[in-house]
Structure formats: structure tokens, C-alpha cells
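Before any comments, here is the structure.
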Amino acid sequence: MRKVLSFVLVLSLVLGSFGMAFAAPMSDVAGEDFEDAVNVLTELGVVKGYPDGTYKPDNIVTRAEMAVIVVS
């Protein structure tokens, strides 16, 4: 039973990481100095961007957004 549970746990961790590995880069940071940093933070799951595929770097980070970043 432990082997089956271990296998299921490992499988879920591996399959769960594919979503982040194949995440599309943010469309509004291409060519910017901070593009690599945003892409790394997106791959690590620290930031997710907006549902429309943008990062909106000129927007001010809200208190709620900062709380999510700190918890991540």
C-alpha cells in the first residue's frame, strides 16, 4: 500500500509541474530588461500574471498581490 501511495504522490508531483514548464511567456515583457526575471518567477510559480497573458509591469502592485507573492 505504501508503494502505491508513494507512486501516486510522485506521479501527481511530476504531472503537476508540466503546467508551469509549458507556461506561455508574458506577452508584454518581451524585449524588456526584466524579461528573464519575470519568466523565471513565472516558471517557479511565484507570479502568474493576468488571465489575458500579460504581466502589466507598469501597474502598481496591490497589497493583495504582494501577499500572494510573499506566501509563494
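Ligands are numbered from 1 in the order shown, chains are lettered A, B, ... in the order of the C-alpha cells, and residues start at 1 in each chain.
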| field | Nearby residues (only C-alpha atoms) at most 7 Å from Tyr55 of chain A, same-chain spacing under 6 positions excluded, as a ChimeraX atom specification | value | /A:26,28,49
| Pick from A:Ser72, A:Asn59, A:Glu32, A:Ala64: nearest to Val46 of chain A, with only C-alpha atoms counted? |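 Ranking A:Ser72, A:Asn59, A:Glu32, A:Ala64 by distance to Val46 of chain A, first place goes to A:Ser72.
Interatomic distance, atom CA of Thr42 of chain A against atom CA of Arg63 of chain A: 19.2 Å.
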| said: Give me, as a list in words, all polymer residues having an atom no more than 12 Å from Pro57 of chain A, counting only C-alpha atoms and skipping those fewer than 3 positions away in the same chain. | reply: Met26, Ser27, Asp28, Val29, Ala30, Glu32, Asp33, Phe34, Glu35, Val38, Val47, Gly49, Tyr50, Thr54, Ile60 and Val61 of chain A
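Take atom CA of Gly31 of chain A and atom CA of Val68 of chain A: the distance between them is 26.3 Å.
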| query | Between atom CA of Gly45 of chain A and atom CA of Lys3 of chain A, what is the distance, to one decimal in Å? | reply | 28.9 Å
